[in-house]
Amino acid sequence: MNESSLPRPNNLDAYWMPFSDNRYFKANPRMVGRAEGMSYFTPEGREILDGTAGLWCCNAGHGRREIKEAIQKQAAILDYAPTFQLGHPIAFEAAARIAEMTPEGMDKVFFTNSGSESADTALKIALAYHKARGESSRVRLIGRERGYHGVGFGGMSVGGIGGNRKQFGALLPYVDHLPHTHGLAANLFAKGQPEQGAHLADALENMVALHGAETIAAVMVEPVAGSTGVLVPPKGYLERLRAICDKYGILLIFDEVITGFGRLGTNFGAERLGVTPDIMTMAKGLTNAAVPMGAVAVKNGVFDAVVEGAPAGIELFHGYTYSGHPLAAAAAIATLELHRAEDLPGRALALEPYWQEAAHSLKAAPNVVDIRDFGLIAGIELAPRPGAAGARATEVFRRCFDEGVLIRVTGDIIALSPPLICEKPHVDRIMGTIDQAIRAAA
């Protein structure tokens, strides 16, 4: 047998890991091989308590039998079918289940395969909406500093994380950014929504004055910014943003990839915060991450403008090979049934006060400069080491993993989002391990 035809050894060389320090990891690998309930397990069998629901996505916990069996059953019936000019029943059922959960009047659902695809889809729908209404001049998209909307060129352009943008040169034109709401001295160590900062939404008025309302298509924000370090909206901020968008005919897009499906104690952040967008993106918790899937929900009026206003034939020239994939649709239906049957949003809401107090108990740890929380999310911000931004939090991440707790860090911020099946002893262990790791990394 030709040596080149033999299987390659299973080592670490071939896989180019995403958002990772590949050189460090491959010299110092930290691996997981199994997951169940609230925990991962290393290939050697050591338990790692999951303080991040994977990547904000395994809201119902790991290894749920109901989801696994739904995927297996569907794979035996229909493994794949295209959804271009063709349908299969389970995709329509999944869309109907989502529409039951979204805010009133938001009953149309477009399927994608990730949060990044959902963000780009939402932006394209916004542009198509204005064009269908005869306002083709509305091409400008407004994001926010420190916003994260995935890694497609649309979401990356509207997003506001410098490190995600600088490596790739020119992005989309006609994009501007609102100021972020982070770092106001009066809001440090706020519990829940901070009091100060609603006025920062008025920057949209300045953009209208600069660019003209007739050029602005949409504003995209996260109800709570997660990947940039848990930035909770000040009281009144989103309400003011909604009012300005209404005033000038601008669509408001909520990126609910993280805040959807119970994370804030309600089905979506829009419900908890009392502000309904025109377009809403989702992914992650939609299938409990068992199969990749995303979706975009729109107000009925947005759908009607695009679909009913188009000539005969295809109304929206957009979609993906795997839109509404049968296995993903089955996973979504099973996941949403778990959310309903076990009232996972209600569990999150009930645990929130305990979670909040436990998170804020870390205020006394060295180098902690701020703590933020909302729902079952928390951000613990550390002072950076001089000349080594991010190094302190990275050390905390590694120490926590070695002590049996998985956390996430972004810059020098520890971001936490446990599965919604979390209980008080889990909270105690997560926060206790972080406290020790922060002190060791001082």
# chains A, B, ... in the order shown; residues from 1 in each chain; ligands from 1
>>> closest_atom_pairs(of="range 318-422 of chain A", to="range 119-133 of chain A", cutoff="12 Å", atoms="only C-alpha atoms", output="JSON lines")
{"residue": "A:His318", "atom": "CA", "partner": "A:Thr121", "partner_atom": "CA", "distance": 7.8}
{"residue": "A:Gly319", "atom": "CA", "partner": "A:Thr121", "partner_atom": "CA", "distance": 8.3}
{"residue": "A:Tyr320", "atom": "CA", "partner": "A:Thr121", "partner_atom": "CA", "distance": 10.2}
{"residue": "A:Ser323", "atom": "CA", "partner": "A:Thr121", "partner_atom": "CA", "distance": 11.5}
>>> write_last_selection(atoms="C-alpha atoms", output="compact mmCIF listing (two decimals), in the first residue's frame")
# COMPACT_ATOMS: atom_id res chain seq x y z
CA HIS A 318 -30.99 34.95 -0.13
CA GLY A 319 -30.67 31.60 1.63
CA TYR A 320 -28.35 28.76 2.56
CA SER A 323 -31.56 26.54 5.83
>>> residues_around(residues="range 18-30 of chain A", least_positions_apart="4", cutoff="12 Å", atoms="only C-alpha atoms", output="mmCIF file with all heavy atoms, in the first residue's frame")
data_model
loop_
_atom_site.group_PDB
_atom_site.id
_atom_site.type_symbol
_atom_site.label_atom_id
_atom_site.label_comp_id
_atom_site.auth_asym_id
_atom_site.auth_seq_id
_atom_site.Cartn_x
_atom_site.Cartn_y
_atom_site.Cartn_z
ATOM 1 N N ASN A 11 -3.398 13.592 15.469
ATOM 2 C CA ASN A 11 -2.640 14.500 16.321
ATOM 3 C C ASN A 11 -3.248 15.888 16.221
ATOM 4 O O ASN A 11 -4.345 16.064 15.688
ATOM 5 C CB ASN A 11 -1.150 14.496 15.925
ATOM 6 C CG ASN A 11 -0.947 14.855 14.461
ATOM 7 O OD1 ASN A 11 -1.700 15.652 13.893
ATOM 8 N ND2 ASN A 11 0.072 14.271 13.850
ATOM 9 N N LEU A 12 -2.553 16.889 16.726
ATOM 10 C CA LEU A 12 -3.111 18.232 16.793
ATOM 11 C C LEU A 12 -2.743 19.105 15.605
ATOM 12 O O LEU A 12 -3.133 20.271 15.560
ATOM 13 C CB LEU A 12 -2.632 18.915 18.083
ATOM 14 C CG LEU A 12 -2.903 18.182 19.394
ATOM 15 C CD1 LEU A 12 -2.407 19.018 20.576
ATOM 16 C CD2 LEU A 12 -4.372 17.861 19.550
ATOM 17 N N ASP A 13 -2.030 18.564 14.631
ATOM 18 C CA ASP A 13 -1.448 19.406 13.595
ATOM 19 C C ASP A 13 -2.453 19.939 12.583
ATOM 20 O O ASP A 13 -2.359 21.084 12.140
ATOM 21 C CB ASP A 13 -0.358 18.635 12.850
ATOM 22 C CG ASP A 13 0.852 18.350 13.728
ATOM 23 O OD1 ASP A 13 1.001 19.039 14.755
ATOM 24 O OD2 ASP A 13 1.625 17.436 13.386
ATOM 25 N N ALA A 14 -3.412 19.132 12.159
ATOM 26 C CA ALA A 14 -4.237 19.486 11.009
ATOM 27 C C ALA A 14 -5.277 20.564 11.322
ATOM 28 O O ALA A 14 -5.637 21.350 10.449
ATOM 29 C CB ALA A 14 -4.948 18.245 10.471
ATOM 30 N N TYR A 40 -18.626 19.108 31.613
ATOM 31 C CA TYR A 40 -17.790 18.432 30.640
ATOM 32 C C TYR A 40 -16.898 17.442 31.392
ATOM 33 O O TYR A 40 -16.735 17.535 32.624
ATOM 34 C CB TYR A 40 -16.903 19.427 29.897
ATOM 35 C CG TYR A 40 -17.620 20.267 28.871
ATOM 36 C CD1 TYR A 40 -17.939 21.600 29.117
ATOM 37 C CD2 TYR A 40 -17.955 19.719 27.640
ATOM 38 C CE1 TYR A 40 -18.591 22.361 28.159
ATOM 39 C CE2 TYR A 40 -18.603 20.476 26.676
ATOM 40 C CZ TYR A 40 -18.923 21.791 26.942
ATOM 41 O OH TYR A 40 -19.566 22.529 25.996
ATOM 42 N N PHE A 41 -16.290 16.528 30.636
ATOM 43 C CA PHE A 41 -15.335 15.595 31.204
ATOM 44 C C PHE A 41 -14.153 15.506 30.246
ATOM 45 O O PHE A 41 -14.329 15.436 29.022
ATOM 46 C CB PHE A 41 -15.955 14.209 31.404
ATOM 47 C CG PHE A 41 -17.080 14.211 32.400
ATOM 48 C CD1 PHE A 41 -18.373 14.537 31.996
ATOM 49 C CD2 PHE A 41 -16.852 13.921 33.731
ATOM 50 C CE1 PHE A 41 -19.423 14.563 32.903
ATOM 51 C CE2 PHE A 41 -17.894 13.951 34.657
ATOM 52 C CZ PHE A 41 -19.180 14.276 34.236
ATOM 53 N N THR A 42 -12.958 15.543 30.772
ATOM 54 C CA THR A 42 -11.775 15.412 29.936
ATOM 55 C C THR A 42 -11.697 13.981 29.414
ATOM 56 O O THR A 42 -12.359 13.069 29.929
ATOM 57 C CB THR A 42 -10.500 15.730 30.729
ATOM 58 O OG1 THR A 42 -10.300 14.709 31.715
ATOM 59 C CG2 THR A 42 -10.603 17.092 31.412
ATOM 60 N N PRO A 43 -10.880 13.730 28.377
ATOM 61 C CA PRO A 43 -10.726 12.354 27.891
ATOM 62 C C PRO A 43 -10.277 11.386 28.975
ATOM 63 O O PRO A 43 -10.564 10.186 28.897
ATOM 64 C CB PRO A 43 -9.662 12.499 26.787
ATOM 65 C CG PRO A 43 -9.846 13.896 26.281
ATOM 66 C CD PRO A 43 -10.184 14.706 27.504
ATOM 67 N N GLU A 44 -9.610 11.910 30.010
ATOM 68 C CA GLU A 44 -9.172 11.049 31.116
ATOM 69 C C GLU A 44 -10.261 10.855 32.161
ATOM 70 O O GLU A 44 -10.091 10.082 33.105
ATOM 71 C CB GLU A 44 -7.939 11.654 31.792
ATOM 72 C CG GLU A 44 -6.730 11.824 30.888
ATOM 73 C CD GLU A 44 -6.859 12.992 29.927
ATOM 74 O OE1 GLU A 44 -7.543 13.989 30.271
ATOM 75 O OE2 GLU A 44 -6.293 12.916 28.817
ATOM 76 N N ARG A 46 -11.789 13.502 34.007
ATOM 77 C CA ARG A 46 -11.880 14.539 35.038
ATOM 78 C C ARG A 46 -13.050 15.479 34.737
ATOM 79 O O ARG A 46 -13.215 15.947 33.611
ATOM 80 C CB ARG A 46 -10.568 15.327 35.087
ATOM 81 C CG ARG A 46 -10.474 16.317 36.240
ATOM 82 C CD ARG A 46 -9.047 16.827 36.385
ATOM 83 N NE ARG A 46 -8.620 17.597 35.234
ATOM 84 C CZ ARG A 46 -8.805 18.920 35.096
ATOM 85 N NH1 ARG A 46 -9.424 19.599 36.063
ATOM 86 N NH2 ARG A 46 -8.362 19.554 34.042
ATOM 87 N N ILE A 48 -15.293 18.818 34.539
ATOM 88 C CA ILE A 48 -15.119 20.263 34.395
ATOM 89 C C ILE A 48 -16.512 20.886 34.447
ATOM 90 O O ILE A 48 -17.306 20.758 33.510
ATOM 91 C CB ILE A 48 -14.437 20.635 33.054
ATOM 92 C CG1 ILE A 48 -13.135 19.844 32.845
ATOM 93 C CG2 ILE A 48 -14.196 22.138 32.992
ATOM 94 C CD1 ILE A 48 -12.042 20.176 33.825
ATOM 95 N N GLY A 150 -21.135 38.381 15.114
ATOM 96 C CA GLY A 150 -20.587 37.295 14.338
ATOM 97 C C GLY A 150 -19.430 37.717 13.456
ATOM 98 O O GLY A 150 -18.889 38.819 13.581
ATOM 99 N N VAL A 151 -19.068 36.829 12.540
ATOM 100 C CA VAL A 151 -17.844 37.012 11.767
ATOM 101 C C VAL A 151 -18.066 37.077 10.258
ATOM 102 O O VAL A 151 -17.107 37.048 9.492
ATOM 103 C CB VAL A 151 -16.834 35.882 12.090
ATOM 104 C CG1 VAL A 151 -16.388 35.985 13.542
ATOM 105 C CG2 VAL A 151 -17.431 34.507 11.807
ATOM 106 N N GLY A 163 -10.388 44.087 17.472
ATOM 107 C CA GLY A 163 -9.565 42.935 17.147
ATOM 108 C C GLY A 163 -10.176 42.035 16.093
ATOM 109 O O GLY A 163 -9.454 41.332 15.383
ATOM 110 N N ASN A 164 -11.501 42.037 16.000
ATOM 111 C CA ASN A 164 -12.179 41.201 15.010
ATOM 112 C C ASN A 164 -12.172 41.830 13.621
ATOM 113 O O ASN A 164 -12.530 41.167 12.639
ATOM 114 C CB ASN A 164 -13.634 40.955 15.428
ATOM 115 C CG ASN A 164 -13.747 40.041 16.624
ATOM 116 O OD1 ASN A 164 -12.750 39.634 17.203
ATOM 117 N ND2 ASN A 164 -14.963 39.717 17.006
ATOM 118 N N THR A 394 -6.570 35.534 31.136
ATOM 119 C CA THR A 394 -6.206 34.260 30.508
ATOM 120 C C THR A 394 -5.625 33.300 31.528
ATOM 121 O O THR A 394 -5.921 32.093 31.515
ATOM 122 C CB THR A 394 -5.209 34.497 29.365
ATOM 123 O OG1 THR A 394 -5.830 35.309 28.368
ATOM 124 C CG2 THR A 394 -4.762 33.192 28.739
ATOM 125 N N PHE A 397 -8.492 31.899 33.471
ATOM 126 C CA PHE A 397 -9.169 30.870 32.675
ATOM 127 C C PHE A 397 -8.454 29.528 32.807
ATOM 128 O O PHE A 397 -9.072 28.479 33.055
ATOM 129 C CB PHE A 397 -9.231 31.311 31.210
ATOM 130 C CG PHE A 397 -9.540 30.202 30.247
ATOM 131 C CD1 PHE A 397 -10.835 29.750 30.077
ATOM 132 C CD2 PHE A 397 -8.522 29.599 29.506
ATOM 133 C CE1 PHE A 397 -11.116 28.706 29.193
ATOM 134 C CE2 PHE A 397 -8.786 28.572 28.627
ATOM 135 C CZ PHE A 397 -10.093 28.117 28.468
ATOM 136 N N ARG A 398 -7.150 29.548 32.632
ATOM 137 C CA ARG A 398 -6.394 28.294 32.666
ATOM 138 C C ARG A 398 -6.396 27.681 34.053
ATOM 139 O O ARG A 398 -6.537 26.452 34.213
ATOM 140 C CB ARG A 398 -4.972 28.543 32.172
ATOM 141 C CG ARG A 398 -4.915 28.888 30.681
ATOM 142 C CD ARG A 398 -3.565 29.422 30.253
ATOM 143 N NE ARG A 398 -3.558 29.761 28.819
ATOM 144 C CZ ARG A 398 -2.659 30.517 28.232
ATOM 145 N NH1 ARG A 398 -1.650 31.041 28.956
ATOM 146 N NH2 ARG A 398 -2.726 30.776 26.924
ATOM 147 N N ARG A 399 -6.252 28.517 35.080
ATOM 148 C CA ARG A 399 -6.287 28.009 36.454
ATOM 149 C C ARG A 399 -7.651 27.391 36.777
ATOM 150 O O ARG A 399 -7.732 26.332 37.414
ATOM 151 C CB ARG A 399 -5.961 29.122 37.445
ATOM 152 C CG ARG A 399 -4.490 29.535 37.484
ATOM 153 C CD ARG A 399 -4.255 30.639 38.495
ATOM 154 N NE ARG A 399 -2.853 31.025 38.565
ATOM 155 C CZ ARG A 399 -1.928 30.421 39.311
ATOM 156 N NH1 ARG A 399 -2.291 29.391 40.068
ATOM 157 N NH2 ARG A 399 -0.678 30.843 39.307
ATOM 158 N N CYS A 400 -8.726 28.058 36.348
ATOM 159 C CA CYS A 400 -10.064 27.532 36.619
ATOM 160 C C CYS A 400 -10.263 26.183 35.945
ATOM 161 O O CYS A 400 -10.797 25.241 36.549
ATOM 162 C CB CYS A 400 -11.137 28.523 36.153
ATOM 163 S SG CYS A 400 -11.361 29.941 37.247
ATOM 164 N N PHE A 401 -9.855 26.061 34.688
ATOM 165 C CA PHE A 401 -10.000 24.783 33.991
ATOM 166 C C PHE A 401 -9.236 23.690 34.727
ATOM 167 O O PHE A 401 -9.763 22.573 34.923
ATOM 168 C CB PHE A 401 -9.503 24.905 32.549
ATOM 169 C CG PHE A 401 -9.776 23.674 31.723
ATOM 170 C CD1 PHE A 401 -10.943 23.556 31.001
ATOM 171 C CD2 PHE A 401 -8.847 22.635 31.682
ATOM 172 C CE1 PHE A 401 -11.205 22.417 30.242
ATOM 173 C CE2 PHE A 401 -9.090 21.495 30.922
ATOM 174 C CZ PHE A 401 -10.275 21.384 30.210
ATOM 175 N N ASP A 402 -8.029 24.001 35.139
ATOM 176 C CA ASP A 402 -7.221 23.002 35.836
ATOM 177 C C ASP A 402 -7.822 22.629 37.186
ATOM 178 O O ASP A 402 -7.574 21.525 37.691
ATOM 179 C CB ASP A 402 -5.794 23.515 36.012
ATOM 180 C CG ASP A 402 -5.062 23.655 34.680
ATOM 181 O OD1 ASP A 402 -5.541 23.099 33.675
ATOM 182 O OD2 ASP A 402 -4.027 24.366 34.644
ATOM 183 N N GLY A 404 -11.138 22.514 37.527
ATOM 184 C CA GLY A 404 -12.406 21.849 37.268
ATOM 185 C C GLY A 404 -13.590 22.744 36.994
ATOM 186 O O GLY A 404 -14.739 22.311 37.165
ATOM 187 N N LEU A 406 -15.080 25.536 33.923
ATOM 188 C CA LEU A 406 -14.902 26.213 32.642
ATOM 189 C C LEU A 406 -15.506 27.608 32.710
ATOM 190 O O LEU A 406 -16.686 27.774 33.038
ATOM 191 C CB LEU A 406 -15.588 25.425 31.524
ATOM 192 C CG LEU A 406 -15.515 26.058 30.124
ATOM 193 C CD1 LEU A 406 -14.075 26.127 29.634
ATOM 194 C CD2 LEU A 406 -16.395 25.300 29.144
ATOM 195 N N VAL A 409 -13.200 34.055 28.870
ATOM 196 C CA VAL A 409 -12.628 35.387 29.054
ATOM 197 C C VAL A 409 -12.583 36.108 27.716
ATOM 198 O O VAL A 409 -12.404 35.497 26.656
ATOM 199 C CB VAL A 409 -11.218 35.336 29.683
ATOM 200 C CG1 VAL A 409 -11.283 34.746 31.075
ATOM 201 C CG2 VAL A 409 -10.242 34.552 28.817
ATOM 202 N N THR A 410 -12.780 37.395 27.777
ATOM 203 C CA THR A 410 -12.662 38.267 26.614
ATOM 204 C C THR A 410 -11.888 39.490 27.062
ATOM 205 O O THR A 410 -12.352 40.249 27.923
ATOM 206 C CB THR A 410 -14.045 38.632 26.045
ATOM 207 O OG1 THR A 410 -13.912 39.613 25.030
ATOM 208 C CG2 THR A 410 -15.000 39.104 27.112
#
>>> closest_residue(among="A:Ala334, A:Leu238, A:Val139, A:Leu252", to="Ala289 in chain A", atoms="only C-alpha atoms")
A:Ala334
>>> closest_atom_pairs(of="range 289-372 of chain A", to="range 185-188 of chain A", cutoff="12 Å", atoms="only C-alpha atoms", output="Markdown table")
| residue | atom | partner | partner_atom | distance |
| --- | --- | --- | --- | --- |
| A:His360 | CA | A:Leu188 | CA | 11.2 |
| A:Lys363 | CA | A:Leu188 | CA | 10.7 |
| A:Val368 | CA | A:Leu188 | CA | 10.9 |
| A:Val369 | CA | A:Leu188 | CA | 8.0 |
| A:Asp370 | CA | A:Leu188 | CA | 5.6 |
| A:Ile371 | CA | A:Leu188 | CA | 7.1 |
| A:Arg372 | CA | A:Leu188 | CA | 7.9 |
>>> select_by_dssp(residues="range 54-189 of chain A", states="helix (DSSP H, G or I)", output="CSV table (one decimal) with N, CA and C atoms, in the first residue's frame")
chain,number,residue,atom,x,y,z
A,54,GLY,N,-21.2,26.0,27.4
A,54,GLY,CA,-20.4,25.8,26.2
A,54,GLY,C,-19.9,27.1,25.7
A,55,LEU,N,-20.5,27.7,24.7
A,55,LEU,CA,-20.3,29.1,24.3
A,55,LEU,C,-21.6,29.8,24.3
A,56,TRP,N,-22.2,30.0,25.5
A,56,TRP,CA,-23.5,30.6,25.7
A,56,TRP,C,-24.6,29.9,25.1
A,65,ARG,N,-31.3,13.7,26.6
A,65,ARG,CA,-31.8,12.5,25.9
A,65,ARG,C,-32.8,12.9,24.9
A,66,GLU,N,-33.7,13.8,25.2
A,66,GLU,CA,-34.8,14.2,24.3
A,66,GLU,C,-34.3,14.8,23.0
A,67,ILE,N,-33.3,15.5,23.1
A,67,ILE,CA,-32.7,16.2,21.9
A,67,ILE,C,-32.0,15.1,21.0
A,68,LYS,N,-31.2,14.3,21.7
A,68,LYS,CA,-30.5,13.2,21.0
A,68,LYS,C,-31.4,12.3,20.3
A,69,GLU,N,-32.5,11.9,20.9
A,69,GLU,CA,-33.4,10.9,20.3
A,69,GLU,C,-34.2,11.6,19.1
A,70,ALA,N,-34.5,12.9,19.2
A,70,ALA,CA,-35.1,13.6,18.1
A,70,ALA,C,-34.3,13.6,16.9
A,71,ILE,N,-33.0,13.9,17.1
A,71,ILE,CA,-32.0,13.9,16.0
A,71,ILE,C,-31.9,12.5,15.4
A,72,GLN,N,-31.7,11.5,16.2
A,72,GLN,CA,-31.6,10.1,15.7
A,72,GLN,C,-32.8,9.7,14.9
A,73,LYS,N,-34.0,10.0,15.4
A,73,LYS,CA,-35.2,9.6,14.7
A,73,LYS,C,-35.3,10.4,13.4
A,74,GLN,N,-35.0,11.6,13.4
A,74,GLN,CA,-35.1,12.4,12.1
A,74,GLN,C,-34.1,11.9,11.1
A,75,ALA,N,-32.9,11.6,11.5
A,75,ALA,CA,-31.9,11.1,10.6
A,75,ALA,C,-32.3,9.8,9.9
A,76,ALA,N,-33.1,9.0,10.6
A,76,ALA,CA,-33.6,7.8,9.9
A,76,ALA,C,-34.7,8.0,9.0
A,77,ILE,N,-35.4,9.2,9.1
A,77,ILE,CA,-36.5,9.5,8.2
A,77,ILE,C,-36.1,10.3,7.0
A,89,PRO,N,-41.9,19.0,6.1
A,89,PRO,CA,-42.8,19.5,7.2
A,89,PRO,C,-42.1,20.0,8.5
A,90,ILE,N,-41.0,19.3,8.8
A,90,ILE,CA,-40.4,19.6,10.2
A,90,ILE,C,-39.8,21.1,10.2
A,91,ALA,N,-39.4,21.6,9.1
A,91,ALA,CA,-38.9,23.0,9.1
A,91,ALA,C,-40.0,23.9,9.4
A,92,PHE,N,-41.2,23.7,8.8
A,92,PHE,CA,-42.4,24.5,9.1
A,92,PHE,C,-42.8,24.4,10.5
A,93,GLU,N,-42.7,23.2,11.1
A,93,GLU,CA,-43.1,23.0,12.5
A,93,GLU,C,-42.1,23.8,13.4
A,94,ALA,N,-40.8,23.7,13.1
A,94,ALA,CA,-39.9,24.4,13.9
A,94,ALA,C,-40.1,25.9,13.8
A,95,ALA,N,-40.4,26.5,12.7
A,95,ALA,CA,-40.7,27.9,12.5
A,95,ALA,C,-41.9,28.3,13.3
A,96,ALA,N,-42.9,27.5,13.3
A,96,ALA,CA,-44.1,27.8,14.1
A,96,ALA,C,-43.9,27.8,15.6
A,97,ARG,N,-43.0,26.8,16.0
A,97,ARG,CA,-42.7,26.8,17.5
A,97,ARG,C,-41.9,28.1,17.9
A,98,ILE,N,-41.0,28.5,17.0
A,98,ILE,CA,-40.3,29.8,17.4
A,98,ILE,C,-41.3,30.9,17.4
A,99,ALA,N,-42.2,31.0,16.4
A,99,ALA,CA,-43.1,32.1,16.3
A,99,ALA,C,-44.0,32.2,17.5
A,100,GLU,N,-44.3,31.0,18.2
A,100,GLU,CA,-45.1,31.0,19.4
A,100,GLU,C,-44.4,31.7,20.6
A,101,MET,N,-43.0,31.8,20.5
A,101,MET,CA,-42.2,32.4,21.6
A,101,MET,C,-41.9,33.8,21.4
A,115,GLY,N,-25.2,32.2,14.3
A,115,GLY,CA,-25.5,33.6,14.7
A,115,GLY,C,-24.9,34.5,13.6
A,116,SER,N,-23.7,34.2,13.1
A,116,SER,CA,-23.1,35.1,12.1
A,116,SER,C,-24.0,35.2,10.9
A,117,GLU,N,-24.5,34.0,10.4
A,117,GLU,CA,-25.4,34.0,9.3
A,117,GLU,C,-26.7,34.8,9.6
A,118,SER,N,-27.2,34.6,10.8
A,118,SER,CA,-28.4,35.4,11.2
A,118,SER,C,-28.2,36.9,11.1
A,119,ALA,N,-27.0,37.3,11.6
A,119,ALA,CA,-26.7,38.8,11.6
A,119,ALA,C,-26.7,39.3,10.1
A,120,ASP,N,-26.0,38.6,9.2
A,120,ASP,CA,-25.9,39.0,7.9
A,120,ASP,C,-27.3,39.0,7.2
A,121,THR,N,-28.1,38.0,7.5
A,121,THR,CA,-29.4,37.8,7.0
A,121,THR,C,-30.3,39.0,7.4
A,122,ALA,N,-30.2,39.3,8.7
A,122,ALA,CA,-31.0,40.4,9.2
A,122,ALA,C,-30.7,41.8,8.5
A,123,LEU,N,-29.4,42.0,8.3
A,123,LEU,CA,-29.0,43.2,7.6
A,123,LEU,C,-29.5,43.2,6.2
A,124,LYS,N,-29.5,42.1,5.5
A,124,LYS,CA,-30.0,42.0,4.1
A,124,LYS,C,-31.5,42.2,4.1
A,125,ILE,N,-32.2,41.6,5.0
A,125,ILE,CA,-33.6,41.8,5.1
A,125,ILE,C,-34.0,43.3,5.3
A,126,ALA,N,-33.2,44.0,6.1
A,126,ALA,CA,-33.5,45.4,6.3
A,126,ALA,C,-33.3,46.2,5.1
A,127,LEU,N,-32.2,45.9,4.3
A,127,LEU,CA,-32.0,46.6,3.1
A,127,LEU,C,-33.1,46.3,2.0
A,128,ALA,N,-33.5,45.0,2.0
A,128,ALA,CA,-34.6,44.6,1.1
A,128,ALA,C,-35.9,45.3,1.4
A,129,TYR,N,-36.2,45.4,2.7
A,129,TYR,CA,-37.4,46.1,3.2
A,129,TYR,C,-37.5,47.5,2.6
A,130,HIS,N,-36.5,48.3,2.8
A,130,HIS,CA,-36.5,49.7,2.4
A,130,HIS,C,-36.6,49.8,0.9
A,131,LYS,N,-35.9,48.9,0.2
A,131,LYS,CA,-36.0,48.9,-1.3
A,131,LYS,C,-37.4,48.6,-1.8
A,132,ALA,N,-38.0,47.6,-1.1
A,132,ALA,CA,-39.4,47.2,-1.5
A,132,ALA,C,-40.4,48.4,-1.3
A,153,PHE,N,-19.0,39.3,6.9
A,153,PHE,CA,-18.6,40.6,6.6
A,153,PHE,C,-19.6,41.7,7.0
A,154,GLY,N,-20.9,41.3,6.9
A,154,GLY,CA,-21.9,42.3,7.4
A,154,GLY,C,-21.9,42.5,8.9
A,155,GLY,N,-22.0,41.4,9.6
A,155,GLY,CA,-22.0,41.5,11.1
A,155,GLY,C,-20.7,42.0,11.6
A,156,MET,N,-19.6,41.7,11.0
A,156,MET,CA,-18.3,42.2,11.4
A,156,MET,C,-18.2,43.7,11.2
A,157,SER,N,-18.7,44.1,10.1
A,157,SER,CA,-18.7,45.6,9.8
A,157,SER,C,-19.5,46.4,10.8
A,158,VAL,N,-20.7,45.9,11.1
A,158,VAL,CA,-21.6,46.6,12.0
A,158,VAL,C,-21.1,46.3,13.5
A,162,GLY,N,-12.6,45.9,17.9
A,162,GLY,CA,-11.5,46.2,17.0
A,162,GLY,C,-10.7,45.0,16.5
A,163,GLY,N,-10.4,44.1,17.5
A,163,GLY,CA,-9.6,42.9,17.1
A,163,GLY,C,-10.2,42.0,16.1
A,164,ASN,N,-11.5,42.0,16.0
A,164,ASN,CA,-12.2,41.2,15.0
A,164,ASN,C,-12.2,41.8,13.6
A,165,ARG,N,-11.8,43.1,13.5
A,165,ARG,CA,-11.9,43.9,12.3
A,165,ARG,C,-10.6,44.2,11.6
A,166,LYS,N,-9.6,44.5,12.5
A,166,LYS,CA,-8.3,45.1,12.0
A,166,LYS,C,-7.6,44.2,11.0
A,167,GLN,N,-7.7,42.9,11.1
A,167,GLN,CA,-6.9,42.0,10.3
A,167,GLN,C,-7.4,41.8,8.9
A,168,PHE,N,-8.6,42.4,8.6
A,168,PHE,CA,-9.3,42.1,7.3
A,168,PHE,C,-9.5,43.3,6.4
A,185,ALA,N,-18.6,55.8,35.4
A,185,ALA,CA,-18.1,55.6,36.8
A,185,ALA,C,-19.3,55.4,37.7
A,186,ALA,N,-20.4,56.0,37.4
A,186,ALA,CA,-21.6,55.9,38.3
A,186,ALA,C,-22.2,54.5,38.2
A,187,ASN,N,-21.9,53.7,37.2
A,187,ASN,CA,-22.5,52.4,37.0
A,187,ASN,C,-21.6,51.2,37.5
>>> closest_residue(among="A:Val296, A:Ala170, A:Met220, A:Leu351", to="Thr112 in chain A", atoms="only C-alpha atoms")
A:Val296
>>> atom_distance(atom1="CA of Leu178 in chain A", atom2="CA of Leu200 in chain A")
8.1 Å
>>> select_by_dssp(residues="range 68-181 of chain A", states="strand (DSSP E)", output="PyMOL selection string")
chain A and resi 108-112+140-144+175-178
